[in-house]
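Chemist: For reference, the structure I am asking about is given below.
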Amino acid sequence: RKADLECRMLVLGSGPGGYTAAFRAADLGLDTVLVERYASLGGVCLNVGCIPSKALLHAAAVIDEAEHAGDYGVSFGKPTIDLAALRKYKEKVVGQLTKGLAGMAKQRKVRTVTGVGTFVSANELEVQGEAGTQLIRFEQCIIAAGSQAVKLGNFPWGDPRVMDSTDALELAEVPARLLVVGGGIIGLEMATVYRALGSEVTVVEFMDQLMPGADPDLVKPLADRLKKQGVAVHLKTKAAATEALKDGIKVSFESAEAGKAPALESGVYDRVLVAVGRAPNGAKIGADKAGVQVTERGFIPVDRQMRTNVPHIFAIGDLVGNPMLAHKATHEGKLAAEVAAGEKKEWVARVIPSVAYTDPEIAWVGVTEAEAKAKGLRVGVGKFPWAASGRAIGLGRTEGFTKLIFDEATHRIVGGGIVGVHAGDLIAEVALAIEMGCEVADIGHTIHPHPTLSESVGMAAEVFDGTITDLY
Ligand code: FAD
């Protein structure tokens, strides 16, 4: 069969991994085709993930600021919300970025093909789109088909009142009673948005803390604030059975601990957001026809150069493993394209930062205290409470803190965590410190501008275990 298109490099999926890989490949001189099932480039992150959620979180932060402005003598009255205008704002933000990507693809002469791609051999992909079926023959390929929300089987998914994160970002309405199933990053970001817009929010989480994976002390200021705001949080609780009633979705709960009664027996909600994780799309692209190995869960195993078991086929992003984060996908996309173009590179980054853009934000990187304990690592911790930060006091947000975790023997920074407003912007310094092999003293000796929240990173390097450090 004759191919409709031929190329040196084919990239499947246009999320942060895929578009980065395609642009890098084109910049390195590889003739590149980018296949995406949707007309809009950018994948989950730009269309229904990172970007729209942050646009809505900005609106939530403004509402929250307005609510608290009375503390410093300014009052705006009760905010009124024009949902259609807010939706439009979110769409404008997304559109600006996705159109930008289309322009960048054109500029680089990356040919984009719209349709669903399935491998038919190790060098051919069939694409089914509106224009019919096309066969693309490639010399090399980067698979970047991403992931999708896990849909728990015990929910009536055809009912519009049951939502995944994509539905929740649509902002069809502000439900009076919202249940969020899953207290991880995505669930809590959406809980933050809907709470600010006026929903009465209940969160249930199966584990014994919100934001599993982050150190419990980092999560506490967020849990305290949610409580103050009237968000009901039930830990060690799972949604067991559901029933679609006329006036809401009835959900019955069970305790995560066998034999125990749940903290909450049941409730009726106008909408339910199920945010219990994401599943990789590795098993949905006919990878077997290309001879590419896929695990039972749908992940595609790769080596340190992002190569699959088939040497000319690479894979990147959410479908190669956790953490499922956009900045991991872009880093891998760049690496895969460079290796494909013949550069002798491999994965060398030591850490990948995680950020929850809740209010307050929670950010962490490298080894956590819980992990250090579990692995028997000997670490010290430097902690600076924001109650002593002039900037945080001025902002009226003193609940945050910054901590640095370092190897007790070498004093090298191995991890860090920050909770507070703008924590996500502050964690990059700690990531850099780890990559550079910095000792605590290196950060302590760095002059941080005053008065900024970044000073808290410098101060955490000076104070640990309650005493001024003598590491200098
Ligand atoms: P994706 O972005 O999933 O892109 C894959 C693309 O492949 C999609 O466009 C899909 O349509 C396409 N595709 C799949 N199969 C085919 C096929 N057979 N044919 C053609 N096209 C196909 N991460 C962060 O780092 N920060 C955040 O703040 C953040 N917020 C998030 C908020 C939400 C609500 C969600 C859901 C996710 C968020 N994430 C965030 C995660 C982030 O979106 C992902 O880690 C990232 O998008 C992964 O990029 P990717 O390139 O691997 O795949």
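The chains in the structure tokens are called A, B, ... from first to last as shown; in each chain the residues are counted from 1, and the ligands are counted from 1 in the order shown.
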Can you tell me, as JSON, numbers by chain, what residues are no more than 6 Å from Leu222 (chain A) when counting only C-alpha atoms, ignoring any on the same chain fewer than 3 positions away?
Modeler: {"A": [219, 225, 360]}
Chemist: Those same residues, written as a PDB file, in the first residue's frame with C-alpha atoms?
Modeler:
ATOM      1  CA  VAL A 219      -0.604  19.843  53.723  1.00  0.00           C
ATOM      2  CA  ARG A 225      -7.803  26.900  55.456  1.00  0.00           C
ATOM      3  CA  PRO A 360      -2.283  28.155  49.755  1.00  0.00           C
TER       4      PRO A 360
END
Chemist: Taking only C-alpha atoms and all ligand atoms into account, which residues are within 7 Å of ligand 1, as JSON, numbers by chain?
Modeler: {"A": [12, 13, 14, 15, 16, 17, 18, 35, 36, 37, 38, 41, 42, 43, 44, 45, 48, 49, 50, 51, 53, 54, 115, 116, 117, 118, 144, 145, 146, 147, 148, 149, 165, 166, 186, 281, 284, 285, 316, 317, 318, 319, 324, 325, 326, 327, 329, 357]}
Chemist: With a distance cut-off of 12 Å and only C-alpha atoms, select the neighbouring residues of Ala22 (chain A), excluding the residue or stretch itself and same-chain residues fewer than 4 positions from it, and output the selection as a compact mmCIF listing (two decimals) with C-alpha atoms, in the first residue's frame.
Modeler:
# COMPACT_ATOMS: atom_id res chain seq x y z
CA ARG A 8 11.70 11.27 8.84
CA MET A 9 10.00 11.93 12.21
CA LEU A 10 6.43 11.27 13.23
CA VAL A 11 5.16 12.55 16.58
CA LEU A 12 1.89 11.05 17.84
CA GLY A 13 0.05 13.45 20.17
CA SER A 14 0.43 17.22 20.50
CA GLY A 15 0.49 17.72 24.29
CA PRO A 16 3.44 19.39 26.04
CA GLY A 17 5.55 16.30 25.31
CA GLY A 18 4.51 15.97 21.67
CA ALA A 26 12.20 20.25 13.25
CA ASP A 27 14.76 22.68 14.69
CA LEU A 28 17.36 19.93 14.41
CA GLY A 29 16.53 19.49 10.73
CA LEU A 30 14.26 16.44 10.84
CA ASP A 31 11.33 16.52 8.46
CA THR A 32 8.47 16.20 10.99
CA VAL A 33 4.77 15.28 10.97
CA LEU A 34 2.66 15.86 14.10
CA VAL A 35 -0.54 13.80 14.44
CA GLU A 36 -3.28 14.96 16.81
CA LEU A 41 -2.91 21.52 19.52
CA GLY A 42 -1.61 21.47 23.10
CA LEU A 101 1.37 26.57 18.95
CA ALA A 102 -0.26 26.27 15.53
CA MET A 104 4.99 27.84 15.78
CA ALA A 105 4.34 24.54 13.98
CA LYS A 106 3.82 26.38 10.71
CA ARG A 108 8.99 25.33 11.62
CA LYS A 109 7.31 23.58 8.68
CA VAL A 110 6.00 20.84 10.96
CA ARG A 111 3.13 19.25 9.04
CA THR A 112 0.14 18.67 11.33
CA GLN A 140 11.48 7.42 13.43
CA CYS A 141 8.59 8.05 15.80
CA ILE A 142 7.96 9.66 19.18
CA ILE A 143 4.79 8.46 20.92
CA ALA A 144 3.26 11.18 23.09
CA ILE A 316 7.48 10.39 26.35
CA THR A 330 8.42 18.68 27.83
CA GLU A 332 11.39 14.17 27.85
CA GLY A 333 10.13 15.50 24.51
CA LYS A 334 13.22 17.59 24.00
CA LEU A 335 15.49 14.71 25.02
CA ALA A 336 13.80 12.19 22.70
CA ALA A 337 14.03 14.54 19.71
CA GLU A 338 17.71 15.23 20.37
CA ALA A 340 16.57 10.77 17.54
CA ALA A 341 18.59 13.42 15.72
Chemist: Which residues are close to Pro262 (chain A), i.e. within 10 Å by only C-alpha atoms, leaving aside same-chain residues fewer than 2 positions away? Reply as a PDB file with N, CA and C atoms, in the first residue's frame.
Modeler:
ATOM      1  N   HIS A 234     -13.276  14.550  54.283  1.00  0.00           N
ATOM      2  CA  HIS A 234     -13.346  13.256  54.966  1.00  0.00           C
ATOM      3  C   HIS A 234     -12.246  12.355  54.439  1.00  0.00           C
ATOM      4  N   LEU A 235     -11.299  12.031  55.327  1.00  0.00           N
ATOM      5  CA  LEU A 235     -10.181  11.165  54.940  1.00  0.00           C
ATOM      6  C   LEU A 235     -10.561   9.703  55.160  1.00  0.00           C
ATOM      7  N   LYS A 236      -9.722   8.810  54.669  1.00  0.00           N
ATOM      8  CA  LYS A 236      -9.926   7.360  54.812  1.00  0.00           C
ATOM      9  C   LYS A 236     -11.370   6.976  54.472  1.00  0.00           C
ATOM     10  N   THR A 237     -11.886   7.613  53.441  1.00  0.00           N
ATOM     11  CA  THR A 237     -13.285   7.405  53.058  1.00  0.00           C
ATOM     12  C   THR A 237     -13.355   7.121  51.564  1.00  0.00           C
ATOM     13  N   LYS A 238     -14.156   6.142  51.193  1.00  0.00           N
ATOM     14  CA  LYS A 238     -14.321   5.911  49.747  1.00  0.00           C
ATOM     15  C   LYS A 238     -15.786   5.926  49.341  1.00  0.00           C
ATOM     16  N   SER A 252     -23.095   6.828  48.656  1.00  0.00           N
ATOM     17  CA  SER A 252     -22.887   6.191  49.969  1.00  0.00           C
ATOM     18  C   SER A 252     -21.394   5.949  50.125  1.00  0.00           C
ATOM     19  N   PHE A 253     -20.937   6.108  51.352  1.00  0.00           N
ATOM     20  CA  PHE A 253     -19.498   5.995  51.596  1.00  0.00           C
ATOM     21  C   PHE A 253     -19.165   4.794  52.463  1.00  0.00           C
ATOM     22  N   GLU A 254     -17.896   4.374  52.356  1.00  0.00           N
ATOM     23  CA  GLU A 254     -17.381   3.309  53.220  1.00  0.00           C
ATOM     24  C   GLU A 254     -16.073   3.790  53.794  1.00  0.00           C
ATOM     25  N   SER A 255     -15.709   3.265  54.962  1.00  0.00           N
ATOM     26  CA  SER A 255     -14.410   3.605  55.514  1.00  0.00           C
ATOM     27  C   SER A 255     -13.342   2.825  54.753  1.00  0.00           C
ATOM     28  N   ALA A 256     -12.170   3.428  54.595  1.00  0.00           N
ATOM     29  CA  ALA A 256     -11.067   2.722  53.945  1.00  0.00           C
ATOM     30  C   ALA A 256     -10.518   1.632  54.854  1.00  0.00           C
ATOM     31  N   GLU A 257     -10.847   1.720  56.144  1.00  0.00           N
ATOM     32  CA  GLU A 257     -10.394   0.707  57.091  1.00  0.00           C
ATOM     33  C   GLU A 257     -11.501  -0.334  57.289  1.00  0.00           C
ATOM     34  N   ALA A 258     -11.148  -1.579  57.022  1.00  0.00           N
ATOM     35  CA  ALA A 258     -12.148  -2.653  57.080  1.00  0.00           C
ATOM     36  C   ALA A 258     -12.804  -2.706  58.462  1.00  0.00           C
ATOM     37  N   GLY A 259     -14.115  -2.866  58.477  1.00  0.00           N
ATOM     38  CA  GLY A 259     -14.834  -3.042  59.734  1.00  0.00           C
ATOM     39  C   GLY A 259     -15.185  -1.736  60.436  1.00  0.00           C
ATOM     40  N   LYS A 260     -14.654  -0.613  59.947  1.00  0.00           N
ATOM     41  CA  LYS A 260     -14.945   0.672  60.615  1.00  0.00           C
ATOM     42  C   LYS A 260     -16.106   1.378  59.921  1.00  0.00           C
ATOM     43  N   LEU A 264     -18.657   9.679  57.167  1.00  0.00           N
ATOM     44  CA  LEU A 264     -19.853  10.226  56.529  1.00  0.00           C
ATOM     45  C   LEU A 264     -20.572   9.054  55.870  1.00  0.00           C
ATOM     46  N   GLU A 265     -21.844   8.873  56.166  1.00  0.00           N
ATOM     47  CA  GLU A 265     -22.519   7.690  55.640  1.00  0.00           C
ATOM     48  C   GLU A 265     -22.939   7.838  54.176  1.00  0.00           C
ATOM     49  N   SER A 266     -23.641   8.951  53.925  1.00  0.00           N
ATOM     50  CA  SER A 266     -24.061   9.201  52.544  1.00  0.00           C
ATOM     51  C   SER A 266     -24.418  10.668  52.387  1.00  0.00           C
TER      52      SER A 266
END
Chemist: So that I can see what lies close to Ala131 (chain A), please list as a PyMOL selection string the residues with an atom at most 9 Å from it, counting only C-alpha atoms and leaving out residues fewer than 3 positions away in the same chain.
Modeler: chain A and resi 114-115+128+134
Chemist: Kindly save the residues from that selection, with C-alpha atoms included, as a compact mmCIF listing (two decimals), in the first residue's frame.
Modeler:
# COMPACT_ATOMS: atom_id res chain seq x y z
CA THR A 114 -5.73 15.86 12.39
CA GLY A 115 -7.15 12.44 13.19
CA GLN A 128 -8.50 8.38 10.62
CA GLN A 134 -4.24 8.45 5.56
Chemist: Show me, as a PyMOL selection string, the residues that have an atom within 8 Å of Val355 (chain A) when counting only C-alpha atoms, minus same-chain residues fewer than 4 positions from it.
Modeler: chain A and resi 185+361-364+423-424
Chemist: Report, in Å to a single decimal, how far apart CA of Val174 (chain A) and CA of Phe155 (chain A) are.
Modeler: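 According to the coordinates, CA of Phe155 (chain A) and CA of Val174 (chain A) are separated by 20.2 Å.
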Chemist: Which residue is closest to Thr242 (chain A)? Choose from A:Gly286, A:Gln305, A:Ala275, A:Asp159 and count only C-alpha atoms.
Modeler: A:Asp159
Chemist: With only C-alpha atoms as the basis for distance, which of A:Lys88, A:Ser199, A:Pro156, A:Asp217 is at the shortest distance from Leu245 (chain A)?
Modeler: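 Nearest to Leu245 (chain A): A:Pro156.
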